[in-house]
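Q: File my_file_8.cif below, mmCIF, C-alpha atoms:
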```
data_query
loop_
_atom_site.label_atom_id
_atom_site.label_comp_id
_atom_site.auth_asym_id
_atom_site.auth_seq_id
_atom_site.Cartn_x
_atom_site.Cartn_y
_atom_site.Cartn_z
CA MET A 1 -21.07 -6.17 37.16
CA LYS A 2 -17.80 -5.68 35.26
CA THR A 3 -18.86 -8.38 32.79
CA ILE A 4 -22.18 -6.61 32.18
CA PHE A 5 -20.32 -3.35 31.53
CA LYS A 6 -18.00 -5.13 29.06
CA ILE A 7 -20.98 -6.67 27.24
CA ILE A 8 -22.66 -3.24 26.95
CA ILE A 9 -19.46 -1.63 25.62
CA ILE A 10 -18.89 -4.43 23.07
CA PHE A 11 -22.58 -4.20 22.03
CA LEU A 12 -22.37 -0.44 21.47
CA PHE A 13 -19.05 -0.61 19.61
CA SER A 14 -20.27 -3.41 17.33
CA PHE A 15 -22.60 -0.86 15.65
CA THR A 16 -19.72 1.26 14.45
CA THR A 17 -16.85 -1.14 13.80
CA LEU A 18 -16.23 -2.38 10.23
CA GLY A 19 -13.75 -5.22 10.30
CA ARG A 20 -11.74 -7.21 7.80
CA GLU A 21 -12.17 -10.95 7.68
CA LYS A 22 -9.21 -13.31 7.38
CA GLY A 23 -7.96 -13.65 3.81
CA GLU A 24 -9.50 -10.35 2.76
CA THR A 25 -7.74 -7.14 1.75
CA LYS A 26 -9.25 -3.91 3.03
CA ILE A 27 -8.50 -0.64 1.22
CA THR A 28 -9.72 2.75 2.43
CA THR A 29 -9.36 6.17 0.76
CA ASP A 30 -10.45 9.69 1.72
CA ASP A 31 -11.07 10.99 -1.78
CA GLY A 32 -12.45 8.11 -3.77
CA ILE A 33 -11.42 5.66 -6.46
CA GLU A 34 -11.24 5.89 -10.25
CA VAL A 35 -11.62 2.58 -12.09
CA PHE A 36 -10.49 2.32 -15.74
CA GLN A 37 -11.97 -0.95 -16.99
CA ASN A 38 -10.36 -1.13 -20.45
CA GLU A 39 -6.93 0.01 -19.29
CA LYS A 40 -7.22 -2.36 -16.27
CA TYR A 41 -6.12 -0.12 -13.45
CA TYR A 42 -7.64 1.87 -10.60
CA LEU A 43 -6.51 4.99 -8.77
CA LEU A 44 -6.92 5.31 -5.03
CA LYS A 45 -6.86 8.94 -3.96
CA LYS A 46 -5.76 10.68 -0.75
CA ASN A 47 -4.76 8.99 2.51
CA VAL A 48 -4.82 5.42 1.18
CA ASN A 49 -4.51 2.45 3.55
CA ILE A 50 -4.18 -1.13 2.33
CA GLU A 51 -4.34 -3.93 4.87
CA SER A 52 -4.30 -7.69 4.34
CA ASP A 53 -3.24 -10.67 6.47
CA ASN A 54 0.45 -10.22 5.67
CA PHE A 55 0.77 -6.78 4.08
CA ILE A 56 0.16 -3.21 5.23
CA LEU A 57 0.71 -0.12 3.07
CA SER A 58 -0.15 3.54 3.53
CA ALA A 59 0.43 6.37 1.03
CA ASN A 60 -1.09 9.60 -0.27
CA ASP A 61 -2.09 8.10 -3.64
CA VAL A 62 -1.94 4.59 -5.11
CA LYS A 63 -2.35 3.15 -8.61
CA ILE A 64 -3.18 -0.55 -8.88
CA ASN A 65 -2.95 -2.52 -12.13
CA PHE A 66 -5.10 -5.63 -12.35
CA ASP A 67 -5.47 -8.57 -14.69
CA LYS A 68 -8.86 -10.37 -14.68
CA SER A 69 -10.71 -8.22 -12.17
CA LEU A 70 -9.98 -5.65 -9.46
CA TYR A 71 -8.89 -8.33 -6.95
CA ASP A 72 -6.31 -9.80 -9.37
CA ILE A 73 -3.55 -7.27 -8.62
CA THR A 74 -0.44 -7.33 -10.82
CA GLU A 75 1.29 -4.09 -9.78
CA ILE A 76 1.03 -1.50 -7.01
CA TYR A 77 2.44 2.00 -7.49
CA ALA A 78 2.23 4.23 -4.40
CA GLU A 79 3.20 7.89 -4.14
CA GLY A 80 3.67 10.32 -1.26
CA ASN A 81 4.82 9.37 2.24
CA VAL A 82 4.77 5.65 1.50
CA LYS A 83 5.11 3.23 4.42
CA PHE A 84 4.75 -0.54 4.17
CA TYR A 85 5.33 -3.80 6.01
CA SER A 86 5.19 -7.36 4.70
CA SER A 87 5.20 -10.12 7.30
CA GLU A 88 5.40 -12.72 4.50
CA PHE A 89 8.73 -11.41 3.20
CA ASN A 90 9.75 -10.00 6.61
CA ILE A 91 10.44 -6.62 5.05
CA LYS A 92 9.43 -3.07 5.91
CA GLY A 93 10.29 0.32 4.52
CA ASP A 94 9.33 3.79 3.51
CA GLY A 95 10.01 6.35 0.79
CA GLU A 96 8.44 8.94 -1.49
CA LYS A 97 7.40 6.35 -4.10
CA LEU A 98 6.98 2.58 -4.18
CA ASN A 99 6.49 0.16 -7.05
CA PHE A 100 5.72 -3.50 -6.43
CA GLU A 101 5.37 -5.96 -9.31
CA VAL A 102 3.44 -8.80 -7.73
CA LYS A 103 4.16 -11.68 -10.14
CA ILE A 104 7.92 -11.15 -10.41
CA GLU A 105 8.14 -10.06 -6.73
CA LYS A 106 10.12 -6.94 -7.60
CA LEU A 107 10.00 -4.06 -5.14
CA GLU A 108 11.34 -0.56 -5.73
CA VAL A 109 11.36 2.28 -3.20
CA GLU A 110 12.28 5.70 -4.53
CA GLY A 111 12.97 9.20 -3.22
CA LYS A 112 14.81 11.02 -0.46
CA ASN A 113 15.32 9.00 2.73
CA SER A 114 14.17 5.75 1.13
CA LYS A 115 14.52 2.85 3.51
CA LEU A 116 14.17 -0.94 3.21
CA ILE A 117 14.70 -3.15 6.25
CA THR A 118 14.74 -6.95 6.32
CA ASN A 119 15.40 -9.15 9.35
CA ASN A 120 19.20 -8.78 9.03
CA THR A 121 19.86 -6.05 6.44
CA GLN A 122 19.13 -2.33 6.35
CA MET A 123 19.23 -0.36 3.08
CA PHE A 124 19.04 3.42 2.72
CA SER A 125 19.19 5.76 -0.28
CA ASP A 126 18.14 9.20 -1.51
CA GLY A 127 17.76 7.74 -5.03
CA TYR A 128 16.12 4.34 -5.22
CA ILE A 129 16.31 0.85 -3.69
CA ASP A 130 15.33 -2.06 -5.85
CA VAL A 131 14.96 -5.68 -4.61
CA ASN A 132 13.97 -8.73 -6.62
CA ASN A 133 12.81 -11.46 -4.27
CA ILE A 134 12.89 -14.21 -6.90
CA ASP A 135 16.49 -13.93 -8.13
CA GLY A 136 17.78 -12.19 -4.97
CA SER A 137 19.28 -9.21 -6.84
CA PHE A 138 19.24 -5.72 -5.36
CA THR A 139 20.34 -2.21 -6.35
CA LEU A 140 20.77 0.98 -4.35
CA ASP A 141 21.36 4.03 -6.51
CA GLY A 142 21.73 7.70 -5.62
CA LEU A 143 23.18 9.91 -2.94
CA ASN A 144 23.60 8.54 0.59
CA SER A 145 23.12 4.94 -0.50
CA LYS A 146 24.05 2.62 2.38
CA LEU A 147 23.74 -1.06 3.15
CA ILE A 148 24.25 -2.29 6.70
CA ASN A 149 24.16 -5.75 8.21
CA GLU A 150 25.85 -7.49 11.14
CA SER A 151 29.23 -7.95 9.45
CA ILE A 152 29.41 -5.24 6.82
CA PHE A 153 28.78 -1.50 6.33
CA ILE A 154 28.73 -0.25 2.71
CA LYS A 155 28.41 3.30 1.38
CA GLY A 156 28.51 4.39 -2.27
CA ASN A 157 26.42 6.03 -4.97
CA SER A 158 25.73 2.72 -6.69
CA ILE A 159 25.50 -0.56 -4.78
CA LYS A 160 24.49 -3.66 -6.74
CA GLY A 161 24.43 -7.15 -5.33
CA ILE A 162 22.76 -10.51 -4.92
CA PHE A 163 21.33 -12.08 -1.79
CA SER A 164 21.59 -15.83 -1.30
CA ARG A 165 18.36 -17.72 -1.97
CA ASN A 166 16.82 -20.74 -0.26
CA THR A 167 18.22 -19.69 3.10
CA GLU A 168 16.33 -18.14 5.99
CA ILE A 169 19.06 -15.58 6.68
CA LYS A 170 19.86 -13.78 3.45
CA GLU A 171 23.62 -13.46 2.93
CA ILE A 172 25.26 -11.24 0.32
CA THR A 173 26.88 -13.46 -2.33
CA SER A 174 28.16 -10.73 -4.63
CA LEU A 175 28.57 -6.96 -4.51
CA ASN A 176 29.59 -4.17 -6.90
CA ILE A 177 29.96 -0.71 -5.40
CA GLU A 178 30.79 2.41 -7.37
CA ASP A 179 31.13 6.07 -6.48
CA GLU A 180 32.76 8.79 -8.60
CA GLU A 181 34.11 10.34 -5.40
CA ILE A 182 34.74 7.37 -3.09
CA SER A 183 33.01 4.17 -1.99
CA TYR A 184 33.39 2.83 1.55
CA VAL A 185 33.20 -0.67 3.04
CA LYS A 186 33.77 -1.65 6.65
CA HIS A 187 34.24 -5.36 7.26
CA ASN A 188 35.05 -6.45 10.83
CA ASP A 189 37.98 -4.23 11.94
CA THR A 190 38.99 -3.17 8.40
CA GLU A 191 37.84 -0.01 6.66
CA MET A 192 38.25 0.21 2.88
CA TYR A 193 37.95 3.16 0.49
CA ALA A 194 38.06 3.00 -3.33
CA LYS A 195 36.17 4.27 -6.37
CA LYS A 196 35.07 0.73 -7.18
CA ILE A 197 34.70 -2.15 -4.72
CA ASN A 198 33.70 -5.67 -5.75
CA PHE A 199 33.01 -8.71 -3.59
CA ASN A 200 32.48 -12.33 -4.53
CA ASN A 201 31.45 -14.80 -1.85
CA ASP A 202 32.81 -17.84 -3.76
CA SER A 203 36.35 -16.44 -3.84
CA SER A 204 35.80 -14.54 -0.55
CA ILE A 205 37.82 -11.67 -2.04
CA ILE A 206 36.99 -7.97 -1.76
CA GLU A 207 38.54 -6.17 -4.74
CA LEU A 208 39.35 -2.44 -4.48
CA ILE A 209 39.93 -0.41 -7.65
CA ASP A 210 41.20 3.22 -7.95
CA ASN A 211 42.17 5.57 -5.17
CA VAL A 212 42.43 2.73 -2.65
CA THR A 213 42.86 3.20 1.10
CA ILE A 214 42.78 0.48 3.73
CA LEU A 215 42.62 1.33 7.41
CA ARG A 216 43.18 -1.25 10.14
CA ASN A 217 44.45 -0.90 13.70
CA GLU A 218 46.04 2.54 13.26
CA GLU A 219 47.59 1.42 9.94
CA LYS A 220 46.75 3.30 6.77
CA ILE A 221 47.86 1.95 3.40
CA THR A 222 47.07 3.63 0.08
CA GLY A 223 47.43 2.53 -3.52
CA ASP A 224 45.65 2.05 -6.82
CA TYR A 225 44.48 -1.54 -6.52
CA GLY A 226 43.91 -3.80 -3.53
CA THR A 227 42.36 -7.08 -2.45
CA LEU A 228 41.21 -8.31 0.93
CA ASP A 229 40.63 -12.00 1.61
CA THR A 230 37.72 -12.21 4.05
CA LYS A 231 38.66 -15.82 4.99
CA ASN A 232 42.00 -14.99 6.60
CA ASN A 233 41.53 -11.21 6.80
CA SER A 234 44.75 -10.55 4.85
CA TYR A 235 45.12 -7.81 2.27
CA LYS A 236 47.38 -6.68 -0.60
CA ILE A 237 47.78 -3.25 -2.17
CA LYS A 238 49.42 -2.35 -5.48
CA SER A 239 50.27 0.97 -7.04
CA ASN A 240 50.38 1.88 -10.74
CA ASP A 241 53.55 3.84 -10.05
CA GLN A 242 56.22 1.08 -10.02
CA THR A 243 58.58 3.16 -7.88
CA LYS A 244 56.15 3.05 -5.00
CA VAL A 245 56.44 0.25 -2.47
CA LYS A 246 53.76 -2.44 -2.55
CA VAL A 247 52.52 -3.38 0.87
CA ILE A 248 51.37 -6.82 1.94
CA ILE A 249 50.30 -7.38 5.48
CA GLN A 250 49.44 -10.85 6.73
CA ASN A 251 47.16 -11.11 9.70
CA ASN A 252 47.82 -14.39 11.51
CA GLU A 253 45.16 -14.08 14.13
CA MET B 1 -14.70 11.06 54.20
CA ASN B 2 -14.84 11.91 50.51
CA PHE B 3 -18.41 12.38 49.24
CA PHE B 4 -17.83 10.09 46.26
CA LEU B 5 -17.06 7.15 48.51
CA TYR B 6 -20.69 7.22 49.66
CA ILE B 7 -22.03 6.64 46.13
CA ASN B 8 -23.51 3.18 45.72
CA ARG B 9 -21.86 1.25 42.82
CA SER B 10 -25.07 -0.50 41.82
CA LEU B 11 -26.83 2.88 41.73
CA VAL B 12 -24.18 4.18 39.30
CA PHE B 13 -24.55 1.05 37.18
CA PHE B 14 -28.35 1.31 36.93
CA PHE B 15 -28.08 5.03 36.20
CA ALA B 16 -25.66 4.31 33.31
CA LEU B 17 -27.86 1.47 32.05
CA THR B 18 -30.94 3.73 32.07
CA ILE B 19 -29.11 6.41 30.05
CA ILE B 20 -27.95 3.82 27.49
CA LEU B 21 -31.50 2.41 27.19
CA ILE B 22 -32.96 5.90 26.71
CA PHE B 23 -30.29 6.59 24.09
CA LEU B 24 -31.11 3.34 22.22
CA ILE B 25 -34.88 3.99 22.41
CA ILE B 26 -34.37 7.48 20.89
CA ILE B 27 -32.25 6.04 18.06
CA PHE B 28 -34.73 3.24 17.24
CA HIS B 29 -37.70 5.64 17.49
CA LYS B 30 -36.07 8.07 15.05
CA GLN B 31 -35.22 5.19 12.72
CA ILE B 32 -38.84 4.01 12.71
CA ASN B 33 -40.09 7.57 12.03
CA LEU B 34 -37.54 7.95 9.26
CA SER B 35 -38.63 4.76 7.49
CA ASN B 36 -42.33 5.80 7.83
CA ASN B 37 -41.49 9.17 6.29
CA ASN B 38 -39.57 7.50 3.47
CA LEU B 39 -42.55 5.28 2.84
CA SER B 40 -44.96 8.24 2.58
CA ILE B 41 -42.47 10.17 0.40
CA ASN B 42 -42.13 7.11 -1.81
CA GLU B 43 -45.91 6.85 -2.17
CA LYS B 44 -46.09 10.54 -3.16
CA ASN B 45 -43.18 10.09 -5.58
CA MET B 46 -44.76 7.07 -7.21
CA ALA B 47 -47.69 9.28 -8.12
CA ASN B 48 -45.30 11.95 -9.50
CA ALA B 49 -43.01 9.58 -11.41
CA ASP B 50 -42.73 10.12 -15.17
CA ILE B 51 -41.60 6.55 -15.81
CA LEU B 52 -42.19 3.44 -13.74
CA GLU B 53 -39.48 0.80 -13.72
CA PRO B 54 -37.32 2.52 -16.37
CA LYS B 55 -34.69 0.48 -18.18
CA PHE B 56 -31.74 1.78 -20.19
CA SER B 57 -28.34 0.56 -21.28
CA ILE B 58 -24.84 1.95 -21.70
CA ASN B 59 -23.03 0.37 -24.62
CA ASN B 60 -19.38 0.25 -25.48
CA SER B 61 -17.33 -1.97 -27.77
CA LYS B 62 -16.50 -4.43 -24.99
CA LYS B 63 -19.59 -4.60 -22.79
CA LYS B 64 -23.15 -3.53 -22.15
CA ILE B 65 -24.27 -2.04 -18.84
CA PHE B 66 -28.00 -2.39 -18.09
CA VAL B 67 -29.54 0.40 -16.00
CA SER B 68 -32.77 -0.13 -14.05
CA ALA B 69 -34.71 1.59 -11.25
CA LYS B 70 -38.14 1.63 -9.62
CA GLU B 71 -39.04 5.02 -11.10
CA GLY B 72 -37.68 7.96 -13.05
CA ASN B 73 -38.36 11.64 -13.71
CA PHE B 74 -37.34 13.61 -16.76
CA LEU B 75 -35.16 16.58 -15.79
CA ASN B 76 -34.74 17.71 -19.42
CA ASN B 77 -34.58 16.11 -22.85
CA ASN B 78 -31.43 14.16 -22.03
CA GLU B 79 -31.32 13.75 -18.27
CA ILE B 80 -33.46 11.44 -16.19
CA LEU B 81 -33.46 11.25 -12.42
CA LEU B 82 -33.61 7.57 -11.53
CA LYS B 83 -34.85 6.80 -8.01
CA ASP B 84 -35.23 3.85 -5.70
CA ARG B 85 -33.30 0.61 -6.14
CA VAL B 86 -31.18 1.95 -9.00
CA LYS B 87 -28.98 -0.77 -10.50
CA PHE B 88 -26.17 -0.77 -13.07
CA LYS B 89 -25.53 -4.32 -14.15
CA SER B 90 -22.95 -5.74 -16.56
CA ASN B 91 -21.38 -9.17 -16.95
CA ASP B 92 -18.60 -8.08 -14.58
CA PHE B 93 -20.26 -5.95 -11.91
CA ILE B 94 -23.37 -4.49 -10.26
CA ILE B 95 -23.66 -1.00 -8.76
CA GLU B 96 -26.58 -0.28 -6.42
CA THR B 97 -27.70 3.09 -5.12
CA ASP B 98 -30.84 5.21 -4.44
CA LYS B 99 -30.64 8.16 -6.82
CA VAL B 100 -28.83 8.65 -10.14
CA ILE B 101 -28.96 11.27 -12.86
CA PHE B 102 -28.67 9.38 -16.14
CA ASN B 103 -27.82 11.17 -19.38
CA ARG B 104 -29.23 9.23 -22.32
CA THR B 105 -27.25 11.05 -25.02
CA LYS B 106 -23.86 11.11 -23.37
CA GLN B 107 -24.49 7.70 -21.75
CA THR B 108 -23.19 8.96 -18.41
CA ALA B 109 -24.47 8.59 -14.87
CA GLU B 110 -23.92 10.57 -11.70
CA SER B 111 -24.95 9.75 -8.15
CA ASN B 112 -24.37 11.52 -4.86
CA THR B 113 -25.98 8.87 -2.67
CA ARG B 114 -24.28 5.99 -0.88
CA SER B 115 -23.31 3.41 -3.51
CA LEU B 116 -22.27 -0.21 -3.46
CA PHE B 117 -20.21 -1.80 -6.25
CA LYS B 118 -19.98 -5.60 -6.38
CA SER B 119 -17.90 -7.73 -8.73
CA LYS B 120 -16.09 -11.07 -8.42
CA ASN B 121 -14.21 -11.05 -5.08
CA THR B 122 -14.58 -7.25 -4.83
CA THR B 123 -16.94 -4.82 -3.12
CA ILE B 124 -16.61 -1.02 -3.09
CA SER B 125 -18.73 1.27 -0.98
CA SER B 126 -18.56 5.04 -1.50
CA ASP B 127 -20.42 8.34 -1.06
CA GLY B 128 -21.44 8.39 -4.73
CA PHE B 129 -20.15 7.63 -8.22
CA ASP B 130 -19.87 8.74 -11.84
CA ILE B 131 -19.92 6.57 -14.96
CA ASN B 132 -18.18 8.12 -17.96
CA ASP B 133 -16.59 7.11 -21.25
CA ARG B 134 -19.47 4.69 -21.98
CA GLY B 135 -18.84 2.70 -18.84
CA ASN B 136 -15.08 2.43 -19.19
CA LYS B 137 -14.38 4.90 -16.38
CA ILE B 138 -16.15 4.62 -13.02
CA THR B 139 -15.29 7.19 -10.35
CA PHE B 140 -16.29 6.55 -6.73
CA TYR B 141 -16.49 9.64 -4.53
CA GLY B 142 -15.55 10.50 -0.97
CA ASN B 143 -14.58 8.11 1.79
CA SER B 144 -14.40 4.79 0.01
CA LEU B 145 -13.85 1.25 1.17
CA ILE B 146 -12.73 -1.66 -1.00
CA ILE B 147 -12.80 -5.24 0.21
CA LEU B 148 -10.88 -7.72 -1.97
CA LYS B 149 -11.23 -11.46 -1.28
#
```
Please lay out the structure from this file as structure tokens.
A:
Amino acid sequence: MKTIFKIIIIFLFSFTTLGREKGETKITTDDGIEVFQNEKYYLLKKNVNIESDNFILSANDVKINFDKSLYDITEIYAEGNVKFYSSEFNIKGDGEKLNFEVKIEKLEVEGKNSKLITNNTQMFSDGYIDVNNIDGSFTLDGLNSKLINESIFIKGNSIKGIFSRNTEIKEITSLNIEDEEISYVKHNDTEMYAKKINFNNDSSIIELIDNVTILRNEEKITGDYGTLDTKNNSYKIKSNDQTKVKVIIQNNE
Amino acid sequence: MNFFLYINRSLVFFFALTIILIFLIIIFHKQINLSNNNLSINEKNMANADILEPKFSINNSKKKIFVSAKEGNFLNNNEILLKDRVKFKSNDFIIETDKVIFNRTKQTAESNTRSLFKSKNTTISSDGFDINDRGNKITFYGNSLIILK
């Protein structure tokens, strides 16, 4: 009897359900579409939902640029309460605006509380977050810009860097952080403050420039320039004022 | 003992099945009546049509859109109401709907009936559409669905 009930329910629901087949992209809007054939773009208006096998996006309004025909999408620009998830790139995020250039795989999320989350890195900003999947470069710019992963916490108005390519887990290979007030980096048990902070994975050195403070295990050392070697966790601090004492602490753990 | 425990399960099932069958019969009956009515309206309309199987075109520098329908009625000097199997066909796409007001001078079209746009790997269904700017701009109205392949 239960089976008969199930069959009846499936039969009744099949009248009303409109599905998406595998390989297809389904787009729905509440207030229509405007297609501009010569200019090669279309506008999707009000409560837009885009769903394909490996990509989901929702936003208030979306503009799509195309090349040959409507299916040949080159760029997606979404505005208003944008939320998206890509299972192909293992990335999700949200923001006020989103721009995705399909061919060069460049993604930009813009606006207050912008968020971009990959399998091992979280990025936040009130300005914009920009990621290029092909060359691995990324930029976070604006107030409350933060980058967090398992080993590092970074805060600054401008965070520029490069993710490693050809590896499943994306590691940061270089970083440039700037903040007119102060930038902040926490690496393992060491907290670092400076106006400019640079990191290079090849040399494994974190470079701190201007208004430098390093905090570790109740110790606080300040100066004008500092370096921290992430391999042996040792650091050096220098001061422009030659009368001040330079401090070098070696951690032999 | 609770009254509901006395209710026979098979009785409930057959009661539900009967209601569903009645519901389906009503829907199909109405559908049949509706199509009969449409048929008689169509027959009346055919007699009242100003043009049978009208054909027009919208031209721009890049493409030509051919417009066809089963019948048409002049609304004024410029506007024609195209009815029944209305088609807009270019090299790139086809739009199908039931009723369209076509303006010959401005080369525009406006429809408030369910419309289906088909082009390579793309279908769009909407509650109506407008064609402006000599076919360059097509606006689809209301709840719209695009399927891209």
Q: Since I can't run it myself right now, could you work out what the PyMOL selection byres ((chain B and resi 62-70) around 8) selects here and report it as a PyMOL selection string?
A: chain B and resi 52-61+71-72+82-91+135
Q: For atom CA of B:Asp98 and atom CA of B:Ser111, quote the distance in Å rounded to one decimal.
A: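 Atom-to-atom, atom CA of B:Asp98 to atom CA of B:Ser111, that is 8.3 Å.
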Q: What residues come out when you apply the PyMOL selection byres ((chain B) within 6 of (chain A)) to this file, written as a ChimeraX atom specification?
A: /B:136-149
Q: Would you compute the distance between atom CA of A:Tyr235 and atom CA of A:Lys160? Give it in Å to one decimal.
A: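 Separation between atom CA of A:Tyr235 and atom CA of A:Lys160: 22.9 Å.
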Q: Please report the interatomic distance between atom CA of A:Phe138 and atom CA of A:Lys115 in Å with one decimal.
A: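 These two atoms are separated by 13.2 Å.
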Q: Report the residues retrieved by the PyMOL selection byres ((chain B and resi 95) around 8) from the displayed file, expressed as a list of chain:residue names.
A: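 So the PyMOL selection byres ((chain B and resi 95) around 8) ends up selecting B:Lys87, B:Phe88, B:Lys89, B:Phe93, B:Ile94, B:Glu96, B:Thr97, B:Ser115, B:Leu116, B:Phe117, B:Lys118.
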Q: Store the residues picked out above, limited to C-alpha atoms, as a PDB file, keeping the file's coordinate frame.
A:
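Final output, again14.pdb:
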```pdb
ATOM      1  CA  LYS B  87     -28.980  -0.770 -10.500  1.00  0.00           C
ATOM      2  CA  PHE B  88     -26.170  -0.770 -13.070  1.00  0.00           C
ATOM      3  CA  LYS B  89     -25.530  -4.320 -14.150  1.00  0.00           C
ATOM      4  CA  PHE B  93     -20.260  -5.950 -11.910  1.00  0.00           C
ATOM      5  CA  ILE B  94     -23.370  -4.490 -10.260  1.00  0.00           C
ATOM      6  CA  GLU B  96     -26.580  -0.280  -6.420  1.00  0.00           C
ATOM      7  CA  THR B  97     -27.700   3.090  -5.120  1.00  0.00           C
ATOM      8  CA  SER B 115     -23.310   3.410  -3.510  1.00  0.00           C
ATOM      9  CA  LEU B 116     -22.270  -0.210  -3.460  1.00  0.00           C
ATOM     10  CA  PHE B 117     -20.210  -1.800  -6.250  1.00  0.00           C
ATOM     11  CA  LYS B 118     -19.980  -5.600  -6.380  1.00  0.00           C
TER      12      LYS B 118
END
```
Q: Please provide the set of residues having any atom within 7 Å of A:Glu96, restricted to all atoms listed in the file, with same-chain residues fewer than 3 positions apart removed, written as a list in words.
A: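 Neighbouring residues, sequence-local ones excluded: Glu79, Gly80, Asn81, Val82, Glu110, Gly111 and Lys112 of chain A.
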Q: Extract, using all atoms listed in the file, all DNA, RNA and protein residues at most 10 Å from A:Asn200, discarding same-chain residues fewer than 6 positions from it, and format them as a PyMOL selection string.
A: chain A and resi 161-162+172-176+206-207
Q: Since we have the selection now, will you write its residues out, keeping C-alpha atoms, as a short mmCIF file (atom, residue, chain, number, x, y, z; two decimals), in the coordinates of the input?
A:
```
data_model
loop_
_atom_site.label_atom_id
_atom_site.label_comp_id
_atom_site.auth_asym_id
_atom_site.auth_seq_id
_atom_site.Cartn_x
_atom_site.Cartn_y
_atom_site.Cartn_z
CA GLY A 161 24.43 -7.15 -5.33
CA ILE A 162 22.76 -10.51 -4.92
CA ILE A 172 25.26 -11.24 0.32
CA THR A 173 26.88 -13.46 -2.33
CA SER A 174 28.16 -10.73 -4.63
CA LEU A 175 28.57 -6.96 -4.51
CA ASN A 176 29.59 -4.17 -6.90
CA ILE A 206 36.99 -7.97 -1.76
CA GLU A 207 38.54 -6.17 -4.74
#
```
Q: Counting only C-alpha atoms, figure out which residue out of A:Ser114, A:Thr139, A:Asn232, A:Thr227 gets nearest to A:Gly95.
A: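 Ranked by minimum distance to A:Gly95, first place goes to A:Ser114.
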Q: Could you rebuild stretch 115-128 of chain B with N, CA and C atoms and give it back as an mmCIF file, keeping the file's coordinate frame?
A:
```cif
data_model
loop_
_atom_site.group_PDB
_atom_site.id
_atom_site.type_symbol
_atom_site.label_atom_id
_atom_site.label_comp_id
_atom_site.auth_asym_id
_atom_site.auth_seq_id
_atom_site.Cartn_x
_atom_site.Cartn_y
_atom_site.Cartn_z
ATOM 1 N N SER B 115 -23.284 4.379 -2.418
ATOM 2 C CA SER B 115 -23.310 3.410 -3.510
ATOM 3 C C SER B 115 -22.512 2.160 -3.149
ATOM 4 N N LEU B 116 -22.968 1.051 -3.708
ATOM 5 C CA LEU B 116 -22.270 -0.210 -3.460
ATOM 6 C C LEU B 116 -21.963 -0.889 -4.791
ATOM 7 N N PHE B 117 -20.673 -1.129 -5.040
ATOM 8 C CA PHE B 117 -20.210 -1.800 -6.250
ATOM 9 C C PHE B 117 -19.844 -3.237 -5.872
ATOM 10 N N LYS B 118 -20.329 -4.200 -6.648
ATOM 11 C CA LYS B 118 -19.980 -5.600 -6.380
ATOM 12 C C LYS B 118 -19.497 -6.247 -7.672
ATOM 13 N N SER B 119 -18.331 -6.887 -7.602
ATOM 14 C CA SER B 119 -17.900 -7.730 -8.730
ATOM 15 C C SER B 119 -17.212 -8.943 -8.123
ATOM 16 N N LYS B 120 -16.676 -9.826 -8.939
ATOM 17 C CA LYS B 120 -16.090 -11.070 -8.420
ATOM 18 C C LYS B 120 -14.996 -10.746 -7.395
ATOM 19 N N ASN B 121 -15.171 -11.230 -6.188
ATOM 20 C CA ASN B 121 -14.210 -11.050 -5.080
ATOM 21 C C ASN B 121 -13.942 -9.596 -4.712
ATOM 22 N N THR B 122 -14.808 -8.684 -5.119
ATOM 23 C CA THR B 122 -14.580 -7.250 -4.830
ATOM 24 C C THR B 122 -15.871 -6.547 -4.449
ATOM 25 N N THR B 123 -15.834 -5.749 -3.384
ATOM 26 C CA THR B 123 -16.940 -4.820 -3.120
ATOM 27 C C THR B 123 -16.349 -3.440 -2.854
ATOM 28 N N ILE B 124 -17.038 -2.409 -3.346
ATOM 29 C CA ILE B 124 -16.610 -1.020 -3.090
ATOM 30 C C ILE B 124 -17.819 -0.265 -2.571
ATOM 31 N N SER B 125 -17.665 0.375 -1.424
ATOM 32 C CA SER B 125 -18.730 1.270 -0.980
ATOM 33 C C SER B 125 -18.181 2.692 -0.958
ATOM 34 N N SER B 126 -19.027 3.648 -1.396
ATOM 35 C CA SER B 126 -18.560 5.040 -1.500
ATOM 36 C C SER B 126 -19.727 5.998 -1.279
ATOM 37 N N ASP B 127 -19.386 7.311 -1.278
ATOM 38 C CA ASP B 127 -20.420 8.340 -1.060
ATOM 39 C C ASP B 127 -21.134 8.738 -2.357
ATOM 40 N N GLY B 128 -20.828 8.086 -3.445
ATOM 41 C CA GLY B 128 -21.440 8.390 -4.730
ATOM 42 C C GLY B 128 -20.532 7.915 -5.851
#
```
